[in-house]
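**Q** This is the structure, below, for whatever I ask next.
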Amino acid sequence: MDKKISVLILVVLIGVAFGVGIVSLKYNNDVMQSMFETQNEILKTQKAIQKYLNDGGGGSLQTRVAQLEGRVESMEEQWDSVGGVLNQLKAANTRQAQQPSQPSDEYTKVHDIPVKHSPIIGKKNASITIVEFVDFQCPFCARFHQPIVDVLEAYPDDVNYLVKNFPLSFHPQAKPGSKVALAAAEQGKYQEMVDLILSDNQNLSDEKYREFAKKIGLNMKKFEKSLAENDAKYEDYIRDDMQLGASVGVRGTPTFFINGRKTVARDFASFKREIDAILEEK
């Protein structure tokens with residue numbers, strides 16, 4: 001019985017220690033392959049011991065004890081192997097941490113993002129332009145829109161904002177949302193429509209868009225006429241935006257650029273740091 005308890009404890013400890021090692025470290029492919037091979041051997045031995053304990057083994061007591069001791073020794077060897085692999089992982093992780101990080105070209109390259117058909121939100125001659133590639137049905141676009149509103153309020157003379165349309169294929173109301181915003185722009189209400197859609201974009205529909213149009217005070221006849229008569233033009237605008245997005249490395253929404261450089265900023269504090277740094281340079 002003591003032997004069984006010792007074996008079970010060993011099985012549990014190996015499983016726990018191995019799991020902790022995997023979670024807590026960064027690793028490379030070669031070392032991980034060795035780890036996975038060792039893991040498979042340990043699992044095989046664990047299963048063999050568990051089956052042996054469940055079945056009661058076979059042969060004489062002396063034979064069963066010898067078999068069990070052999071399997072325990074095998075697990076001890078495998079555990080030593082795991083320890084060696086973990087040491088390799090730790091060393092690799094330490095080397096990686098000591099290497100100076102290099103900024104990705106993705107976030108250092110400055111892209112030319114022309115205004116073209118996009119309404120400018122904010123002061124036209126502002127020194128800083130935030131461009132966002134937007135899917136109007138995207139929940140993340142909705143989540144990260146308020147910081148943009150806050151930035152425009154905090155920097156009314158220094159920052160303006162452009163929306164480039166990037167409707168994703170699995171969001172059926174995204175492209176209609178782009179067209180609705182462009183139709184609102186015909187009446188000088190682009191910003192109001194953008195803010196309203198992105199404040200409540202979970203249940204979008206044609207009816208919902210009409211509610212938004214009424215809420216921001218659009219002339220409904222002109223609004224409906226713009227949607228009907230300018231559909232082809234809006235399609236061209238959206239296609240142009242998507243081609244532009246693809247050319248500057250947009251792979252999802254929202255994607256933000258500050259003065260042509262892609263940014264990971266998503267909250268007000270992050271945008272503020274980048275904006276202040278640009279203003280200090282000027």
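Chain lettering (A, B, ...) mirrors the order of the structure tokens, residue numbering begins at 1 for each chain separately, and ligand numbering begins at 1 in order of display.
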Write out as JSON, numbers by chain the residues lying within 10 Å of stretch 145-152 of chain A, counting only C-alpha atoms and excluding same-chain residues fewer than 3 positions away.
**A** {"A": [121, 122, 123, 130, 132, 134, 140, 141, 142, 155, 156, 157, 158, 159, 160, 161, 191, 194, 195, 198, 199, 254, 265, 266, 267, 268, 269, 270, 271, 272, 275]}
**Q** I need the residues from that last selection saved to file as a compact mmCIF listing (two decimals), in the first residue's frame (with C-alpha atoms), if you can.
**A**
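Here's the written file out39.txt:
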# COMPACT_ATOMS: atom_id res chain seq x y z
CA ILE A 121 -13.61 65.09 -38.34
CA GLY A 122 -12.00 67.94 -36.43
CA LYS A 123 -9.85 70.83 -37.53
CA ILE A 130 -5.63 59.73 -36.55
CA GLU A 132 -9.03 54.40 -38.25
CA VAL A 134 -13.48 50.72 -39.30
CA PHE A 140 -14.02 46.16 -30.96
CA CYS A 141 -14.50 49.24 -33.13
CA ALA A 142 -17.36 50.18 -30.81
CA TYR A 155 -6.88 68.27 -28.58
CA PRO A 156 -9.37 70.30 -30.67
CA ASP A 157 -6.64 72.33 -32.41
CA ASP A 158 -4.02 69.62 -32.81
CA VAL A 159 -5.80 66.39 -33.81
CA ASN A 160 -8.27 65.42 -36.49
CA TYR A 161 -9.75 62.05 -37.38
CA GLN A 191 -19.36 62.69 -37.17
CA VAL A 194 -20.30 57.67 -36.84
CA ASP A 195 -20.46 58.34 -33.10
CA LEU A 198 -20.36 53.00 -32.82
CA SER A 199 -22.13 53.72 -29.55
CA PRO A 254 -10.05 48.55 -35.72
CA ALA A 265 -2.79 52.66 -28.87
CA ARG A 266 -6.36 51.83 -27.89
CA ASP A 267 -7.09 53.88 -24.78
CA PHE A 268 -6.94 57.61 -24.13
CA ALA A 269 -3.71 57.46 -22.14
CA SER A 270 -1.89 55.60 -24.91
CA PHE A 271 -3.10 57.99 -27.60
CA LYS A 272 -2.15 60.93 -25.37
CA ILE A 275 0.26 62.75 -29.42
**Q** Running DSSP on the backbone, which parts of stretch 108-168 of chain A land in alpha helix (DSSP H), as a list of chain:residue names?
**A**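 Put together, the selection reads A:Pro139, A:Phe140, A:Cys141, A:Ala142, A:Arg143, A:Gln146, A:Pro147, A:Ile148, A:Val149, A:Asp150, A:Val151, A:Leu152, A:Glu153, A:Ala154.
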**Q** Can you list, as a ChimeraX atom specification, every protein, DNA or RNA residue that comes within 10 Å of A:Ile278 when you count only C-alpha atoms, leaving out same-chain residues fewer than 5 positions away?
**A** /A:127-128,258-259,272-273
**Q** How far is it from atom CA of A:Lys215 to atom CA of A:Glu153, in Å with one decimal?
**A**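 Result for atom CA of A:Lys215 versus atom CA of A:Glu153: 21.9 Å, one decimal.
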**Q** Give me the residues near A:Lys208 as a PDB file with N, CA and C atoms, in the first residue's frame, where near means some atom within 12 Å (using only C-alpha atoms) and where sequence neighbours in that chain fewer than 2 positions away do not count.
**A**
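That gives us part-v1.pdb:
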ATOM      1  N   GLN A 173     -24.015  43.967 -41.765  1.00  0.00           N
ATOM      2  CA  GLN A 173     -24.470  45.344 -41.607  1.00  0.00           C
ATOM      3  C   GLN A 173     -23.326  46.362 -41.616  1.00  0.00           C
ATOM      4  N   PRO A 176     -23.538  48.488 -45.122  1.00  0.00           N
ATOM      5  CA  PRO A 176     -24.642  49.440 -45.024  1.00  0.00           C
ATOM      6  C   PRO A 176     -24.351  50.571 -44.033  1.00  0.00           C
ATOM      7  N   GLY A 177     -23.667  50.257 -42.939  1.00  0.00           N
ATOM      8  CA  GLY A 177     -23.306  51.292 -41.968  1.00  0.00           C
ATOM      9  C   GLY A 177     -22.383  52.334 -42.575  1.00  0.00           C
ATOM     10  N   VAL A 180     -24.544  54.521 -44.797  1.00  0.00           N
ATOM     11  CA  VAL A 180     -25.391  55.407 -43.992  1.00  0.00           C
ATOM     12  C   VAL A 180     -24.580  56.607 -43.489  1.00  0.00           C
ATOM     13  N   MET A 193     -23.217  60.687 -37.040  1.00  0.00           N
ATOM     14  CA  MET A 193     -23.661  59.336 -37.395  1.00  0.00           C
ATOM     15  C   MET A 193     -22.625  58.294 -37.001  1.00  0.00           C
ATOM     16  N   LEU A 196     -22.815  57.768 -33.301  1.00  0.00           N
ATOM     17  CA  LEU A 196     -24.039  57.090 -32.886  1.00  0.00           C
ATOM     18  C   LEU A 196     -24.004  55.603 -33.225  1.00  0.00           C
ATOM     19  N   ILE A 197     -23.556  55.280 -34.437  1.00  0.00           N
ATOM     20  CA  ILE A 197     -23.484  53.862 -34.813  1.00  0.00           C
ATOM     21  C   ILE A 197     -22.531  53.117 -33.882  1.00  0.00           C
ATOM     22  N   ASP A 200     -23.763  52.134 -30.434  1.00  0.00           N
ATOM     23  CA  ASP A 200     -24.869  51.170 -30.314  1.00  0.00           C
ATOM     24  C   ASP A 200     -24.927  50.327 -31.587  1.00  0.00           C
ATOM     25  N   ASN A 201     -23.927  49.434 -31.756  1.00  0.00           N
ATOM     26  CA  ASN A 201     -23.836  48.704 -33.028  1.00  0.00           C
ATOM     27  C   ASN A 201     -24.120  47.210 -32.926  1.00  0.00           C
ATOM     28  N   GLN A 202     -24.814  46.788 -31.869  1.00  0.00           N
ATOM     29  CA  GLN A 202     -25.047  45.360 -31.686  1.00  0.00           C
ATOM     30  C   GLN A 202     -26.254  44.832 -32.451  1.00  0.00           C
ATOM     31  N   ASN A 203     -27.229  45.678 -32.729  1.00  0.00           N
ATOM     32  CA  ASN A 203     -28.445  45.209 -33.409  1.00  0.00           C
ATOM     33  C   ASN A 203     -28.750  46.107 -34.604  1.00  0.00           C
ATOM     34  N   LEU A 204     -27.784  46.237 -35.498  1.00  0.00           N
ATOM     35  CA  LEU A 204     -27.941  47.121 -36.638  1.00  0.00           C
ATOM     36  C   LEU A 204     -28.890  46.529 -37.678  1.00  0.00           C
ATOM     37  N   SER A 205     -29.644  47.418 -38.310  1.00  0.00           N
ATOM     38  CA  SER A 205     -30.591  47.023 -39.357  1.00  0.00           C
ATOM     39  C   SER A 205     -30.973  48.287 -40.121  1.00  0.00           C
ATOM     40  N   ASP A 206     -31.674  48.113 -41.240  1.00  0.00           N
ATOM     41  CA  ASP A 206     -32.137  49.281 -41.989  1.00  0.00           C
ATOM     42  C   ASP A 206     -33.022  50.170 -41.125  1.00  0.00           C
ATOM     43  N   ARG A 210     -32.387  54.126 -39.866  1.00  0.00           N
ATOM     44  CA  ARG A 210     -33.360  55.212 -40.023  1.00  0.00           C
ATOM     45  C   ARG A 210     -33.617  55.894 -38.681  1.00  0.00           C
ATOM     46  N   GLU A 211     -33.657  55.102 -37.607  1.00  0.00           N
ATOM     47  CA  GLU A 211     -33.816  55.687 -36.271  1.00  0.00           C
ATOM     48  C   GLU A 211     -32.653  56.620 -35.953  1.00  0.00           C
ATOM     49  N   PHE A 212     -31.451  56.184 -36.303  1.00  0.00           N
ATOM     50  CA  PHE A 212     -30.273  57.024 -36.068  1.00  0.00           C
ATOM     51  C   PHE A 212     -30.375  58.325 -36.865  1.00  0.00           C
ATOM     52  N   ALA A 213     -30.798  58.203 -38.132  1.00  0.00           N
ATOM     53  CA  ALA A 213     -30.908  59.390 -38.994  1.00  0.00           C
ATOM     54  C   ALA A 213     -31.875  60.407 -38.403  1.00  0.00           C
ATOM     55  N   LYS A 214     -33.001  59.910 -37.906  1.00  0.00           N
ATOM     56  CA  LYS A 214     -33.974  60.813 -37.279  1.00  0.00           C
ATOM     57  C   LYS A 214     -33.404  61.418 -36.001  1.00  0.00           C
ATOM     58  N   LYS A 215     -32.673  60.603 -35.253  1.00  0.00           N
ATOM     59  CA  LYS A 215     -32.153  61.056 -33.961  1.00  0.00           C
ATOM     60  C   LYS A 215     -31.168  62.205 -34.125  1.00  0.00           C
TER      61      LYS A 215
END
**Q** What is the distance between atom CA of A:Val110 and atom CA of A:Leu182, in Å to one decimal?
**A**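 Distance reported for this atom pair: 27.1 Å.
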**Q** Taking into account only C-alpha atoms, which residue in the set A:Ala228, A:Leu279, A:Ile216, A:Leu168 is nearest to A:Met242?
**A**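 Result for the nearest residue to A:Met242: A:Leu168.
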**Q** Which of these, A:Ile238, A:Ala126, A:Val250, A:Ala184, has the shortest distance to A:Glu224 once you count only C-alpha atoms?
**A**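 Between A:Ile238, A:Ala126, A:Val250, A:Ala184, the residue approaching A:Glu224 most closely is A:Ala184.
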**Q** Pick out the closest residue to A:Tyr234 from this set: A:Cys138, A:Val163, A:Ala183, A:Ala154. Count only C-alpha atoms.
**A**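 Selected residue with least distance to A:Tyr234: A:Ala183.
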**Q** Work out how far apart atom CA of A:Tyr237 and atom CA of A:Val131 are and give it in Å to one decimal.
**A**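 For atom CA of A:Tyr237 relative to atom CA of A:Val131, the distance reads 15.5 Å.
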**Q** Which of these residues is nearest to A:Lys221, using only C-alpha atoms: A:Gln187, A:Lys233, A:Ala246, A:Asn125?
**A** A:Gln187
